[in-house]
Every structure is written in C-alpha cells, then in structure tokens.
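Trainee: One file is attached below, model_27.cif, containing mmCIF, C-alpha atoms; chains and numbers go by the auth columns.
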data_work
loop_
_atom_site.group_PDB
_atom_site.id
_atom_site.type_symbol
_atom_site.label_atom_id
_atom_site.label_comp_id
_atom_site.label_asym_id
_atom_site.label_seq_id
_atom_site.Cartn_x
_atom_site.Cartn_y
_atom_site.Cartn_z
_atom_site.B_iso_or_equiv
_atom_site.auth_seq_id
_atom_site.auth_asym_id
ATOM 1 C CA MET A 1 84.570 -109.057 -74.595 0.00 1 P
ATOM 2 C CA SER A 2 85.363 -106.242 -77.021 0.00 2 P
ATOM 3 C CA PRO A 3 88.300 -103.881 -76.367 0.00 3 P
ATOM 4 C CA VAL A 4 85.924 -100.954 -75.817 0.00 4 P
ATOM 5 C CA THR A 5 83.885 -103.006 -73.380 0.00 5 P
ATOM 6 C CA ALA A 6 87.017 -104.070 -71.522 0.00 6 P
ATOM 7 C CA LEU A 7 88.074 -100.439 -71.286 0.00 7 P
ATOM 8 C CA CYS A 8 84.639 -99.423 -69.972 0.00 8 P
ATOM 9 C CA ALA A 9 84.773 -102.207 -67.413 0.00 9 P
ATOM 10 C CA ARG A 10 88.171 -101.073 -66.204 0.00 10 P
ATOM 11 C CA ALA A 11 86.940 -97.477 -65.952 0.00 11 P
ATOM 12 C CA ASN A 12 83.710 -98.586 -64.226 0.00 12 P
ATOM 13 C CA PHE A 13 81.813 -96.819 -66.988 0.00 13 P
ATOM 14 C CA LEU A 14 78.524 -98.662 -66.904 0.00 14 P
ATOM 15 C CA ARG A 15 76.302 -96.492 -69.046 0.00 15 P
ATOM 16 C CA ILE A 16 77.461 -98.193 -72.222 0.00 16 P
ATOM 17 C CA ALA A 17 76.045 -101.672 -72.720 0.00 17 P
ATOM 18 C CA PRO A 18 78.828 -104.254 -72.893 0.00 18 P
ATOM 19 C CA ARG A 19 79.502 -106.213 -76.068 0.00 19 P
ATOM 20 C CA PHE A 20 80.310 -109.845 -75.631 0.00 20 P
ATOM 21 C CA GLY A 21 81.113 -112.223 -78.433 0.00 21 P
ATOM 22 C CA GLY A 22 80.068 -109.511 -80.877 0.00 22 P
ATOM 23 C CA VAL A 23 76.642 -109.152 -79.273 0.00 23 P
ATOM 24 C CA ARG A 24 75.441 -106.137 -77.307 0.00 24 P
ATOM 25 C CA VAL A 25 74.284 -107.429 -73.932 0.00 25 P
ATOM 26 C CA THR A 26 71.406 -105.771 -72.147 0.00 26 P
ATOM 27 C CA GLY A 27 69.937 -106.536 -68.752 0.00 27 P
ATOM 28 C CA PRO A 28 67.493 -105.161 -66.200 0.00 28 P
ATOM 29 C CA ASP A 29 70.186 -103.179 -64.384 0.00 29 P
ATOM 30 C CA PRO A 30 73.657 -102.131 -65.534 0.00 30 P
ATOM 31 C CA VAL A 31 75.516 -103.290 -62.428 0.00 31 P
ATOM 32 C CA SER A 32 74.268 -106.851 -62.808 0.00 32 P
ATOM 33 C CA THR A 33 74.769 -106.867 -66.546 0.00 33 P
ATOM 34 C CA TRP A 34 78.336 -105.692 -66.285 0.00 34 P
ATOM 35 C CA GLY A 35 78.961 -107.966 -63.342 0.00 35 P
ATOM 36 C CA VAL A 36 78.045 -111.139 -65.153 0.00 36 P
ATOM 37 C CA CYS A 37 79.927 -110.130 -68.293 0.00 37 P
ATOM 38 C CA VAL A 38 83.102 -109.402 -66.352 0.00 38 P
ATOM 39 C CA GLN A 39 82.755 -112.693 -64.466 0.00 39 P
ATOM 40 C CA ILE A 40 82.384 -114.642 -67.676 0.00 40 P
ATOM 41 C CA ALA A 41 85.240 -112.799 -69.351 0.00 41 P
ATOM 42 C CA GLY A 42 87.320 -113.755 -66.324 0.00 42 P
ATOM 43 C CA GLY A 43 86.680 -117.439 -66.878 0.00 43 P
ATOM 44 C CA GLU A 44 83.622 -118.298 -64.826 0.00 44 P
ATOM 45 C CA TYR A 45 82.293 -121.643 -66.042 0.00 45 P
ATOM 46 C CA ASP A 46 85.360 -122.154 -68.205 0.00 46 P
ATOM 47 C CA LEU A 47 86.095 -125.528 -66.690 0.00 47 P
ATOM 48 C CA ALA A 48 88.165 -128.342 -68.154 0.00 48 P
ATOM 49 C CA GLY A 49 85.937 -131.211 -69.194 0.00 49 P
ATOM 50 C CA LEU A 50 82.837 -129.050 -68.966 0.00 50 P
ATOM 51 C CA ARG A 51 83.101 -126.945 -72.092 0.00 51 P
ATOM 52 C CA PRO A 52 80.261 -127.489 -74.544 0.00 52 P
ATOM 53 C CA LEU A 53 81.111 -128.731 -78.005 0.00 53 P
ATOM 54 C CA PRO A 54 79.292 -128.044 -81.270 0.00 54 P
ATOM 55 C CA GLY A 55 75.999 -129.840 -81.496 0.00 55 P
ATOM 56 C CA GLN A 56 75.799 -130.726 -77.846 0.00 56 P
ATOM 57 C CA ARG A 57 72.633 -130.234 -75.866 0.00 57 P
ATOM 58 C CA VAL A 58 73.043 -127.667 -73.088 0.00 58 P
ATOM 59 C CA ILE A 59 70.534 -126.703 -70.418 0.00 59 P
ATOM 60 C CA ASP A 60 71.170 -123.417 -68.644 0.00 60 P
ATOM 61 C CA ILE A 61 69.117 -122.672 -65.550 0.00 61 P
ATOM 62 C CA ARG A 62 68.836 -119.093 -64.369 0.00 62 P
ATOM 63 C CA ARG A 63 70.632 -115.817 -64.119 0.00 63 P
ATOM 64 C CA GLN A 64 69.961 -115.143 -67.699 0.00 64 P
ATOM 65 C CA TYR A 65 70.737 -112.688 -70.413 0.00 65 P
ATOM 66 C CA ARG A 66 74.086 -114.363 -69.966 0.00 66 P
ATOM 67 C CA PRO A 67 73.739 -118.048 -70.834 0.00 67 P
ATOM 68 C CA LEU A 68 74.847 -117.520 -74.374 0.00 68 P
ATOM 69 C CA PHE A 69 77.929 -115.773 -73.125 0.00 69 P
ATOM 70 C CA ALA A 70 78.683 -118.054 -70.229 0.00 70 P
ATOM 71 C CA LEU A 71 78.873 -121.070 -72.454 0.00 71 P
ATOM 72 C CA GLY A 72 79.829 -119.495 -75.743 0.00 72 P
ATOM 73 C CA ARG A 73 83.027 -117.901 -74.585 0.00 73 P
ATOM 74 C CA PRO A 74 84.998 -121.017 -73.672 0.00 74 P
ATOM 75 C CA SER A 75 84.003 -122.663 -76.907 0.00 75 P
ATOM 76 C CA ARG A 76 84.967 -119.675 -78.999 0.00 76 P
ATOM 77 C CA ARG A 77 88.280 -119.445 -77.242 0.00 77 P
ATOM 78 C CA HIS A 78 88.986 -122.973 -78.336 0.00 78 P
ATOM 79 C CA GLY A 79 88.094 -122.205 -81.901 0.00 79 P
ATOM 80 C CA ARG A 80 84.611 -123.593 -81.858 0.00 80 P
ATOM 81 C CA ASP A 81 81.153 -122.173 -81.819 0.00 81 P
ATOM 82 C CA CYS A 82 78.763 -124.260 -79.789 0.00 82 P
ATOM 83 C CA LEU A 83 75.817 -122.231 -80.986 0.00 83 P
ATOM 84 C CA MET B 1 70.696 -124.737 -75.812 0.00 1 Q
ATOM 85 C CA THR B 2 67.684 -124.344 -73.601 0.00 2 Q
ATOM 86 C CA ALA B 3 67.762 -121.469 -71.117 0.00 3 Q
ATOM 87 C CA TYR B 4 65.354 -120.924 -68.226 0.00 4 Q
ATOM 88 C CA GLU B 5 64.731 -117.584 -66.538 0.00 5 Q
ATOM 89 C CA PRO B 6 61.830 -116.792 -64.179 0.00 6 Q
ATOM 90 C CA GLY B 7 62.162 -113.018 -63.870 0.00 7 Q
ATOM 91 C CA ALA B 8 60.022 -111.137 -66.367 0.00 8 Q
ATOM 92 C CA ALA B 9 62.462 -108.285 -66.907 0.00 9 Q
ATOM 93 C CA ALA B 10 65.488 -110.552 -67.165 0.00 10 Q
ATOM 94 C CA PHE B 11 63.617 -112.861 -69.503 0.00 11 Q
ATOM 95 C CA SER B 12 62.789 -110.019 -71.875 0.00 12 Q
ATOM 96 C CA HIS B 13 66.488 -109.191 -72.081 0.00 13 Q
ATOM 97 C CA LEU B 14 67.375 -112.854 -72.480 0.00 14 Q
ATOM 98 C CA ALA B 15 65.005 -113.107 -75.418 0.00 15 Q
ATOM 99 C CA ARG B 16 66.487 -109.958 -76.944 0.00 16 Q
ATOM 100 C CA ASN B 17 70.095 -111.002 -76.413 0.00 17 Q
ATOM 101 C CA THR B 18 69.548 -114.405 -77.948 0.00 18 Q
ATOM 102 C CA ASP B 19 67.357 -113.248 -80.805 0.00 19 Q
ATOM 103 C CA GLY B 20 68.672 -114.612 -84.063 0.00 20 Q
ATOM 104 C CA HIS B 21 70.139 -117.739 -82.508 0.00 21 Q
ATOM 105 C CA PRO B 22 67.753 -120.469 -83.698 0.00 22 Q
ATOM 106 C CA ARG B 23 69.448 -123.103 -81.594 0.00 23 Q
ATOM 107 C CA ILE B 24 68.717 -121.309 -78.326 0.00 24 Q
ATOM 108 C CA SER B 25 65.324 -121.798 -76.712 0.00 25 Q
ATOM 109 C CA ALA B 26 64.466 -119.322 -73.965 0.00 26 Q
ATOM 110 C CA ILE B 27 61.799 -120.447 -71.499 0.00 27 Q
ATOM 111 C CA HIS B 28 60.120 -118.116 -69.029 0.00 28 Q
ATOM 112 C CA ALA B 29 59.869 -120.313 -65.936 0.00 29 Q
ATOM 113 C CA ALA B 30 61.566 -121.169 -62.664 0.00 30 Q
ATOM 114 C CA VAL B 31 63.123 -124.597 -62.323 0.00 31 Q
ATOM 115 C CA VAL B 32 62.362 -126.226 -58.977 0.00 32 Q
ATOM 116 C CA GLY B 33 62.763 -129.625 -57.382 0.00 33 Q
ATOM 117 C CA HIS B 34 59.247 -130.756 -58.136 0.00 34 Q
ATOM 118 C CA ALA B 35 56.297 -129.064 -59.797 0.00 35 Q
ATOM 119 C CA ASP B 36 52.908 -130.260 -60.907 0.00 36 Q
ATOM 120 C CA GLU B 37 51.482 -129.086 -64.174 0.00 37 Q
ATOM 121 C CA ALA B 38 50.439 -125.406 -64.000 0.00 38 Q
ATOM 122 C CA ALA B 39 52.356 -124.946 -60.749 0.00 39 Q
ATOM 123 C CA THR B 40 53.776 -121.597 -59.769 0.00 40 Q
ATOM 124 C CA VAL B 41 56.521 -120.544 -57.413 0.00 41 Q
ATOM 125 C CA ARG B 42 57.120 -117.272 -55.605 0.00 42 Q
ATOM 126 C CA LEU B 43 60.124 -115.359 -56.899 0.00 43 Q
ATOM 127 C CA TYR B 44 61.441 -112.728 -54.483 0.00 44 Q
ATOM 128 C CA LEU B 45 62.828 -109.666 -56.179 0.00 45 Q
ATOM 129 C CA HIS B 46 66.014 -107.960 -55.146 0.00 46 Q
ATOM 130 C CA GLY B 47 65.526 -104.215 -55.301 0.00 47 Q
ATOM 131 C CA GLU B 48 68.885 -103.359 -56.814 0.00 48 Q
ATOM 132 C CA ARG B 49 70.430 -106.468 -58.352 0.00 49 Q
ATOM 133 C CA SER B 50 68.265 -108.508 -60.689 0.00 50 Q
ATOM 134 C CA THR B 51 70.774 -111.356 -60.523 0.00 51 Q
ATOM 135 C CA ARG B 52 69.887 -111.790 -56.863 0.00 52 Q
ATOM 136 C CA ASN B 53 66.216 -112.541 -57.406 0.00 53 Q
ATOM 137 C CA THR B 54 65.572 -115.819 -55.633 0.00 54 Q
ATOM 138 C CA VAL B 55 62.878 -118.287 -54.671 0.00 55 Q
ATOM 139 C CA LEU B 56 64.230 -118.026 -51.133 0.00 56 Q
ATOM 140 C CA ALA B 57 62.675 -115.161 -49.204 0.00 57 Q
ATOM 141 C CA ARG B 58 66.029 -113.591 -48.367 0.00 58 Q
ATOM 142 C CA ASP B 59 68.972 -112.001 -50.059 0.00 59 Q
ATOM 143 C CA ILE B 60 71.288 -114.856 -50.891 0.00 60 Q
ATOM 144 C CA GLY B 61 74.314 -112.727 -50.058 0.00 61 Q
ATOM 145 C CA THR B 62 73.349 -110.864 -46.895 0.00 62 Q
ATOM 146 C CA GLY B 63 70.411 -112.862 -45.569 0.00 63 Q
ATOM 147 C CA THR B 64 68.225 -109.746 -45.554 0.00 64 Q
ATOM 148 C CA THR B 65 64.516 -110.542 -45.855 0.00 65 Q
ATOM 149 C CA LEU B 66 63.046 -109.830 -49.296 0.00 66 Q
ATOM 150 C CA GLU B 67 59.454 -108.646 -49.401 0.00 67 Q
ATOM 151 C CA GLN B 68 58.610 -107.842 -53.012 0.00 68 Q
ATOM 152 C CA HIS B 69 57.676 -110.905 -55.022 0.00 69 Q
ATOM 153 C CA ILE B 70 55.914 -112.234 -58.083 0.00 70 Q
ATOM 154 C CA ASP B 71 54.477 -115.658 -58.843 0.00 71 Q
ATOM 155 C CA VAL B 72 55.979 -117.369 -61.876 0.00 72 Q
ATOM 156 C CA ARG B 73 55.494 -120.636 -63.697 0.00 73 Q
ATOM 157 C CA ALA B 74 57.447 -123.511 -62.181 0.00 74 Q
ATOM 158 C CA VAL B 75 58.946 -126.509 -63.956 0.00 75 Q
ATOM 159 C CA GLY B 76 60.280 -129.563 -62.132 0.00 76 Q
ATOM 160 C CA ILE B 77 63.876 -130.571 -62.707 0.00 77 Q
ATOM 161 C CA ASP B 78 62.892 -134.042 -63.931 0.00 78 Q
ATOM 162 C CA GLU B 79 60.777 -132.454 -66.649 0.00 79 Q
ATOM 163 C CA VAL B 80 63.664 -130.193 -67.626 0.00 80 Q
ATOM 164 C CA LEU B 81 65.977 -133.202 -67.940 0.00 81 Q
ATOM 165 C CA ARG B 82 63.448 -135.440 -69.675 0.00 82 Q
ATOM 166 C CA ASP B 83 65.484 -135.608 -72.888 0.00 83 Q
ATOM 167 C CA GLY B 84 68.869 -135.565 -71.170 0.00 84 Q
ATOM 168 C CA CYS B 85 71.722 -133.185 -71.940 0.00 85 Q
ATOM 169 C CA ASP B 86 75.457 -133.036 -72.396 0.00 86 Q
ATOM 170 C CA LEU B 87 75.892 -130.137 -70.000 0.00 87 Q
ATOM 171 C CA LEU B 88 73.633 -128.845 -67.253 0.00 88 Q
ATOM 172 C CA LYS B 89 74.535 -125.440 -65.820 0.00 89 Q
ATOM 173 C CA ILE B 90 72.675 -124.193 -62.741 0.00 90 Q
ATOM 174 C CA ASP B 91 73.032 -120.769 -61.142 0.00 91 Q
ATOM 175 C CA CYS B 92 69.802 -120.293 -59.262 0.00 92 Q
ATOM 176 C CA GLU B 93 70.557 -118.308 -56.116 0.00 93 Q
ATOM 177 C CA GLY B 94 69.984 -120.967 -53.494 0.00 94 Q
ATOM 178 C CA ALA B 95 67.387 -123.128 -55.227 0.00 95 Q
ATOM 179 C CA GLU B 96 70.109 -125.649 -56.138 0.00 96 Q
ATOM 180 C CA PHE B 97 69.566 -127.506 -52.876 0.00 97 Q
ATOM 181 C CA ASP B 98 65.878 -128.085 -53.544 0.00 98 Q
ATOM 182 C CA ILE B 99 66.635 -129.101 -57.126 0.00 99 Q
ATOM 183 C CA PHE B 100 69.239 -131.729 -56.215 0.00 100 Q
ATOM 184 C CA ALA B 101 67.239 -132.976 -53.240 0.00 101 Q
ATOM 185 C CA GLN B 102 64.377 -133.900 -55.541 0.00 102 Q
ATOM 186 C CA VAL B 103 65.923 -134.771 -58.885 0.00 103 Q
ATOM 187 C CA SER B 104 65.550 -138.462 -59.676 0.00 104 Q
ATOM 188 C CA ASP B 105 68.371 -140.860 -60.484 0.00 105 Q
ATOM 189 C CA GLN B 106 66.695 -141.557 -63.797 0.00 106 Q
ATOM 190 C CA ALA B 107 66.772 -137.878 -64.754 0.00 107 Q
ATOM 191 C CA LEU B 108 70.410 -137.536 -63.758 0.00 108 Q
ATOM 192 C CA SER B 109 71.328 -140.643 -65.722 0.00 109 Q
ATOM 193 C CA GLY B 110 70.776 -138.691 -68.927 0.00 110 Q
ATOM 194 C CA VAL B 111 73.196 -135.917 -67.962 0.00 111 Q
ATOM 195 C CA THR B 112 76.877 -136.067 -68.888 0.00 112 Q
ATOM 196 C CA GLY B 113 78.273 -132.993 -67.138 0.00 113 Q
ATOM 197 C CA ILE B 114 77.082 -130.501 -64.520 0.00 114 Q
ATOM 198 C CA VAL B 115 78.261 -127.084 -63.405 0.00 115 Q
ATOM 199 C CA VAL B 116 76.360 -125.705 -60.443 0.00 116 Q
ATOM 200 C CA GLU B 117 76.908 -122.596 -58.369 0.00 117 Q
ATOM 201 C CA PHE B 118 76.231 -123.154 -54.677 0.00 118 Q
ATOM 202 C CA HIS B 119 75.426 -120.652 -51.949 0.00 119 Q
ATOM 203 C CA ARG B 120 76.435 -121.496 -48.406 0.00 120 Q
ATOM 204 C CA THR B 121 73.691 -119.279 -46.997 0.00 121 Q
ATOM 205 C CA ALA B 122 71.247 -121.773 -48.525 0.00 122 Q
ATOM 206 C CA GLY B 123 72.975 -125.041 -47.659 0.00 123 Q
ATOM 207 C CA ASP B 124 76.106 -127.137 -47.339 0.00 124 Q
ATOM 208 C CA PRO B 125 77.847 -127.868 -50.661 0.00 125 Q
ATOM 209 C CA ASP B 126 78.796 -131.299 -49.308 0.00 126 Q
ATOM 210 C CA VAL B 127 75.129 -132.228 -49.637 0.00 127 Q
ATOM 211 C CA LEU B 128 75.298 -131.482 -53.355 0.00 128 Q
ATOM 212 C CA LEU B 129 78.594 -133.352 -53.734 0.00 129 Q
ATOM 213 C CA ASP B 130 77.160 -136.413 -51.993 0.00 130 Q
ATOM 214 C CA ARG B 131 74.078 -136.398 -54.227 0.00 131 Q
ATOM 215 C CA LEU B 132 76.129 -136.080 -57.397 0.00 132 Q
ATOM 216 C CA ARG B 133 78.569 -138.815 -56.376 0.00 133 Q
ATOM 217 C CA GLN B 134 75.701 -141.077 -55.428 0.00 134 Q
ATOM 218 C CA ALA B 135 74.389 -140.591 -58.963 0.00 135 Q
ATOM 219 C CA GLY B 136 77.727 -141.713 -60.384 0.00 136 Q
ATOM 220 C CA PHE B 137 79.446 -138.392 -61.068 0.00 137 Q
ATOM 221 C CA VAL B 138 82.986 -137.428 -60.219 0.00 138 Q
ATOM 222 C CA ALA B 139 82.241 -134.159 -58.423 0.00 139 Q
ATOM 223 C CA ALA B 140 84.358 -131.526 -56.721 0.00 140 Q
ATOM 224 C CA VAL B 141 84.279 -127.916 -55.621 0.00 141 Q
ATOM 225 C CA VAL B 142 86.258 -126.062 -58.283 0.00 142 Q
ATOM 226 C CA SER B 143 86.006 -122.552 -56.865 0.00 143 Q
ATOM 227 C CA GLY B 144 84.807 -120.890 -53.683 0.00 144 Q
ATOM 228 C CA HIS B 145 86.325 -123.316 -51.207 0.00 145 Q
ATOM 229 C CA ALA B 146 86.000 -120.795 -48.396 0.00 146 Q
ATOM 230 C CA GLU B 147 83.732 -118.144 -49.870 0.00 147 Q
ATOM 231 C CA PRO B 148 79.979 -117.681 -49.360 0.00 148 Q
ATOM 232 C CA PHE B 149 79.388 -119.128 -52.797 0.00 149 Q
ATOM 233 C CA GLY B 150 81.305 -121.229 -55.279 0.00 150 Q
ATOM 234 C CA VAL B 151 81.066 -123.666 -58.147 0.00 151 Q
ATOM 235 C CA ILE B 152 80.876 -127.453 -58.278 0.00 152 Q
ATOM 236 C CA GLY B 153 81.888 -129.333 -61.404 0.00 153 Q
ATOM 237 C CA ALA B 154 80.675 -132.885 -62.032 0.00 154 Q
ATOM 238 C CA THR B 155 81.637 -135.232 -64.847 0.00 155 Q
ATOM 239 C CA ARG B 156 81.188 -138.877 -65.666 0.00 156 Q
ATOM 240 C CA PRO B 157 84.118 -141.188 -64.840 0.00 157 Q
ATOM 241 C CA ALA B 158 86.492 -141.754 -67.749 0.00 158 Q
#
Just dump the structure as structure tokens.
Mentor:
Amino acid sequence: MSPVTALCARANFLRIAPRFGGVRVTGPDPVSTWGVCVQIAGGEYDLAGLRPLPGQRVIDIRRQYRPLFALGRPSRRHGRDCL
Amino acid sequence: MTAYEPGAAAFSHLARNTDGHPRISAIHAAVVGHADEAATVRLYLHGERSTRNTVLARDIGTGTTLEQHIDVRAVGIDEVLRDGCDLLKIDCEGAEFDIFAQVSDQALSGVTGIVVEFHRTAGDPDVLLDRLRQAGFVAAVVSGHAEPFGVIGATRPA
C-alpha cells in the first residue's frame, strides 16, 4: 500500500482509488474496494506455510479485484514476486 | 494464477486491475460444489457492498434476505482443480460449505495448500476442518475463533 493510500485510509478518504503494489485498484464500490485493500495490507492471507512462491500455481476463488493483491503482498514482502 | 469472479461488475474491475499480468487468468464464473456443463447459478446481489454478493439468498453478515439476483455461469470445484495447484484460496461468502461437501478426494489430492474464509451464518467451520483432515491436510482455524467469520489454513504434513 502506498504512503498516500495509507494516509487516505487513515483519513477515511475514499474518493481516491487506492494503490496497492504499485497498481491502482478499482472496484464496483469504494467502501468494498478500500475494505479489501486495508484487510490485505493488514495481513489477511499472510499465513506461514501458505505464501505462494514464484512459479507456483495459485487458484483464487471469489471476492475479486483483489486476488493479485491478496497473494502478491506476502510474496513481495519476502522479496519475491509470485506473479 | 487463475482467479474466478461471478459478479459482472467486479469481474470487469478484476480484468482491469490484472491487465498486463500475463500469468493471471481471470474467469467470469461462480465456483460451486458440482456443475454440469453450461450450468448456471443464481448470484444474489448486495445493494451496497459488492463483496457481499453471494449464492446464498441472504446477506452473509446480517442474514437479511437478498432479492436482486443474476444468473451466472457455474463451474464445479473438481473442474477447477483438474490440474491441481500449489495454493487454493477461497473467499466465497458462504458457498465454501457446498464446495467442500462436494469436492472429491481425487481433486483435493492435487492441492498442496488451502486458505478458506468461513462464515458461521452459512455453516460450522468444524465441518470444513473435518473434510480437510479426512483428505490428509493439517488444518486449523487461524483467525476468527469466535467471530462470525474467520479463516482456515490447511497444509500437507511435513
């Protein structure tokens, strides 16, 4: 999550689309879009032993416009890019 | 990565947000326990929160009846897992119980790790834990031990 996005989240300023992993994230409604981004930034799905590695096959079912971010963040944090 | 999303509006954003990532395949369909070819499933739309669209006919958080709906293409979980995967992540607003009730042992045998969000308004997470353990996973609730929803993590034994 970018510093500007983090600041917007803290200020509950939802009119600006969040940026996550360098990508502007859009969704059908701003509350949901911000909600999932904040959840992921907070570590949702960042589970030991369940972080995807480069080249692995991942299947992500539902609640989309976020799969990239849900699974990309933990990998990036560990210095890898699973995408 | 293969990503499934049944909602038309959410799918259009998914496609936009993942544009330029050649290793991500976005599929416009709902994943269900079992589906014949050309099957559809009814997706109930939440008026305010697109993330709460569900194949159940009620708000997964409050239990309020949902009226507005669309019919979308359905894909069975065994078909989704036909080629196996290293990580399966499921966050499907209550449909997880139907999915794990009908997934075959053979399909699960090709999966290494699973992260699934559960919703207590749709079922008992112990049912999911039992199914995963029966399929050979080490499974546990990792968050939401007393909340209306939470996450189960499942891995293969070391």
Trainee: Using all atoms listed in the file, what table do you get, as a tab-separated table, when you list each residue of chain Q with an atom no more than 7 Å from chain P, its nearest pair of atoms, and their distance in Å rounded to one decimal, rows by chain then rising number?
Mentor:
residue	atom	partner	partner_atom	distance
Q:Met1	CA	P:Val58	CA	4.6
Q:Thr2	CA	P:Ile59	CA	4.9
Q:Ala3	CA	P:Asp60	CA	4.6
Q:Tyr4	CA	P:Ile61	CA	4.9
Q:Glu5	CA	P:Arg62	CA	4.9
Q:Ala9	CA	P:Pro28	CA	6.0
Q:Ala10	CA	P:Pro28	CA	5.8
Q:Phe11	CA	P:Gln64	CA	7.0
Q:His13	CA	P:Gly27	CA	5.5
Q:Leu14	CA	P:Tyr65	CA	4.0
Q:Asn17	CA	P:Val25	CA	6.0
Q:Arg23	CA	P:Leu83	CA	6.5
Q:Arg49	CA	P:Ser32	CA	5.9
Q:Ser50	CA	P:Pro28	CA	6.5
Q:Thr51	CA	P:Arg63	CA	5.7
Q:Cys85	CA	P:Arg57	CA	5.0
Q:Asp86	CA	P:Arg57	CA	5.3
Q:Leu87	CA	P:Val58	CA	4.9
Q:Leu88	CA	P:Ile59	CA	4.9
Q:Lys89	CA	P:Asp60	CA	4.8
Q:Ile90	CA	P:Ile61	CA	4.8
Q:Asp91	CA	P:Arg62	CA	5.6
Q:Cys92	CA	P:Arg62	CA	5.3
Q:Gly113	CA	P:Leu50	CA	6.3
Trainee: Using C-alpha atoms, can you write the selected residues to a file as a PDB file, in the coordinates of the input?
Mentor:
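Here's the written file part.pdb:
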ATOM      1  CA  MET Q   1      70.696-124.737 -75.812  1.00  0.00           C
ATOM      2  CA  THR Q   2      67.684-124.344 -73.601  1.00  0.00           C
ATOM      3  CA  ALA Q   3      67.762-121.469 -71.117  1.00  0.00           C
ATOM      4  CA  TYR Q   4      65.354-120.924 -68.226  1.00  0.00           C
ATOM      5  CA  GLU Q   5      64.731-117.584 -66.538  1.00  0.00           C
ATOM      6  CA  ALA Q   9      62.462-108.285 -66.907  1.00  0.00           C
ATOM      7  CA  ALA Q  10      65.488-110.552 -67.165  1.00  0.00           C
ATOM      8  CA  PHE Q  11      63.617-112.861 -69.503  1.00  0.00           C
ATOM      9  CA  HIS Q  13      66.488-109.191 -72.081  1.00  0.00           C
ATOM     10  CA  LEU Q  14      67.375-112.854 -72.480  1.00  0.00           C
ATOM     11  CA  ASN Q  17      70.095-111.002 -76.413  1.00  0.00           C
ATOM     12  CA  ARG Q  23      69.448-123.103 -81.594  1.00  0.00           C
ATOM     13  CA  ARG Q  49      70.430-106.468 -58.352  1.00  0.00           C
ATOM     14  CA  SER Q  50      68.265-108.508 -60.689  1.00  0.00           C
ATOM     15  CA  THR Q  51      70.774-111.356 -60.523  1.00  0.00           C
ATOM     16  CA  CYS Q  85      71.722-133.185 -71.940  1.00  0.00           C
ATOM     17  CA  ASP Q  86      75.457-133.036 -72.396  1.00  0.00           C
ATOM     18  CA  LEU Q  87      75.892-130.137 -70.000  1.00  0.00           C
ATOM     19  CA  LEU Q  88      73.633-128.845 -67.253  1.00  0.00           C
ATOM     20  CA  LYS Q  89      74.535-125.440 -65.820  1.00  0.00           C
ATOM     21  CA  ILE Q  90      72.675-124.193 -62.741  1.00  0.00           C
ATOM     22  CA  ASP Q  91      73.032-120.769 -61.142  1.00  0.00           C
ATOM     23  CA  CYS Q  92      69.802-120.293 -59.262  1.00  0.00           C
ATOM     24  CA  GLY Q 113      78.273-132.993 -67.138  1.00  0.00           C
TER      25      GLY Q 113
END
Trainee: Identify, on the basis of only C-alpha atoms, every residue whose closest approach to Q:Ser104 does not exceed 7 Å; exclude the query and any residue fewer than 3 positions from it along the same chain; express the result as a PyMOL selection string.
Mentor: chain Q and resi 78+107-108
Trainee: Take atom CA of Q:Tyr44 and atom CA of Q:Thr64 and report the distance between them in Å, one decimal.
Mentor: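 Spanning atom CA of Q:Tyr44 to atom CA of Q:Thr64 is a straight-line distance of 11.6 Å.
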Trainee: Evaluate the PyMOL selection byres ((chain Q and resi 103) around 9) here and jot the selected residues down as an mmCIF file with C-alpha atoms, in the coordinates of the input.
Mentor:
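Okay, this is what ended up in expr36.cif:
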data_model
loop_
_atom_site.group_PDB
_atom_site.id
_atom_site.type_symbol
_atom_site.label_atom_id
_atom_site.label_comp_id
_atom_site.auth_asym_id
_atom_site.auth_seq_id
_atom_site.Cartn_x
_atom_site.Cartn_y
_atom_site.Cartn_z
ATOM 1 C CA GLY Q 33 62.763 -129.625 -57.382
ATOM 2 C CA HIS Q 34 59.247 -130.756 -58.136
ATOM 3 C CA GLY Q 76 60.280 -129.563 -62.132
ATOM 4 C CA ILE Q 77 63.876 -130.571 -62.707
ATOM 5 C CA ASP Q 78 62.892 -134.042 -63.931
ATOM 6 C CA ASP Q 98 65.878 -128.085 -53.544
ATOM 7 C CA ILE Q 99 66.635 -129.101 -57.126
ATOM 8 C CA PHE Q 100 69.239 -131.729 -56.215
ATOM 9 C CA ALA Q 101 67.239 -132.976 -53.240
ATOM 10 C CA GLN Q 102 64.377 -133.900 -55.541
ATOM 11 C CA SER Q 104 65.550 -138.462 -59.676
ATOM 12 C CA ASP Q 105 68.371 -140.860 -60.484
ATOM 13 C CA GLN Q 106 66.695 -141.557 -63.797
ATOM 14 C CA ALA Q 107 66.772 -137.878 -64.754
ATOM 15 C CA LEU Q 108 70.410 -137.536 -63.758
#
Trainee: What does the distance between atom CA of Q:Leu66 and atom CA of Q:Glu79 come to in Å, to one decimal place?
Mentor: 28.6 Å
Trainee: Smallest atom-to-atom distance to Q:Ala35: which of Q:Ile60, Q:Ala15, Q:Val138, Q:Val72, using all atoms listed in the file?
Mentor: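 For Q:Ala35, the nearest of the candidates is Q:Val72.
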Trainee: Can you turn the PyMOL selection byres ((chain Q and resi 140-143) around 8) into a concrete residue list for this file, as JSON, numbers by chain?
Mentor: {"Q": [129, 138, 139, 144, 145, 150, 151, 152, 153, 154]}
Trainee: Rounded to one decimal place, report the atom CA of Q:Thr18-atom CA of Q:His46 distance in Å.
Mentor: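 Straight-line distance from atom CA of Q:Thr18 to atom CA of Q:His46 works out to 24.0 Å.
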Trainee: Applying 9 Å and all atoms listed in the file, which residues near Q:Arg42 remain after dropping the ones on its own chain fewer than 3 positions away? List them as JSON, numbers by chain.
Mentor: {"Q": [54, 55, 56, 57, 69, 70, 71, 72, 73]}
Trainee: Which residues would end up in the selection if the PyMOL selection byres ((chain Q and resi 118) around 8) were applied here, given that I need the answer as a PDB file with C-alpha atoms, keeping the file's coordinate frame?
Mentor:
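Result written to selection21.pdb:
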ATOM      1  CA  ASP Q  91      73.032-120.769 -61.142  1.00  0.00           C
ATOM      2  CA  GLU Q  93      70.557-118.308 -56.116  1.00  0.00           C
ATOM      3  CA  GLY Q  94      69.984-120.967 -53.494  1.00  0.00           C
ATOM      4  CA  GLU Q  96      70.109-125.649 -56.138  1.00  0.00           C
ATOM      5  CA  VAL Q 116      76.360-125.705 -60.443  1.00  0.00           C
ATOM      6  CA  GLU Q 117      76.908-122.596 -58.369  1.00  0.00           C
ATOM      7  CA  HIS Q 119      75.426-120.652 -51.949  1.00  0.00           C
ATOM      8  CA  ARG Q 120      76.435-121.496 -48.406  1.00  0.00           C
ATOM      9  CA  GLY Q 123      72.975-125.041 -47.659  1.00  0.00           C
ATOM     10  CA  PRO Q 125      77.847-127.868 -50.661  1.00  0.00           C
ATOM     11  CA  PHE Q 149      79.388-119.128 -52.797  1.00  0.00           C
ATOM     12  CA  GLY Q 150      81.305-121.229 -55.279  1.00  0.00           C
ATOM     13  CA  VAL Q 151      81.066-123.666 -58.147  1.00  0.00           C
ATOM     14  CA  ILE Q 152      80.876-127.453 -58.278  1.00  0.00           C
TER      15      ILE Q 152
END
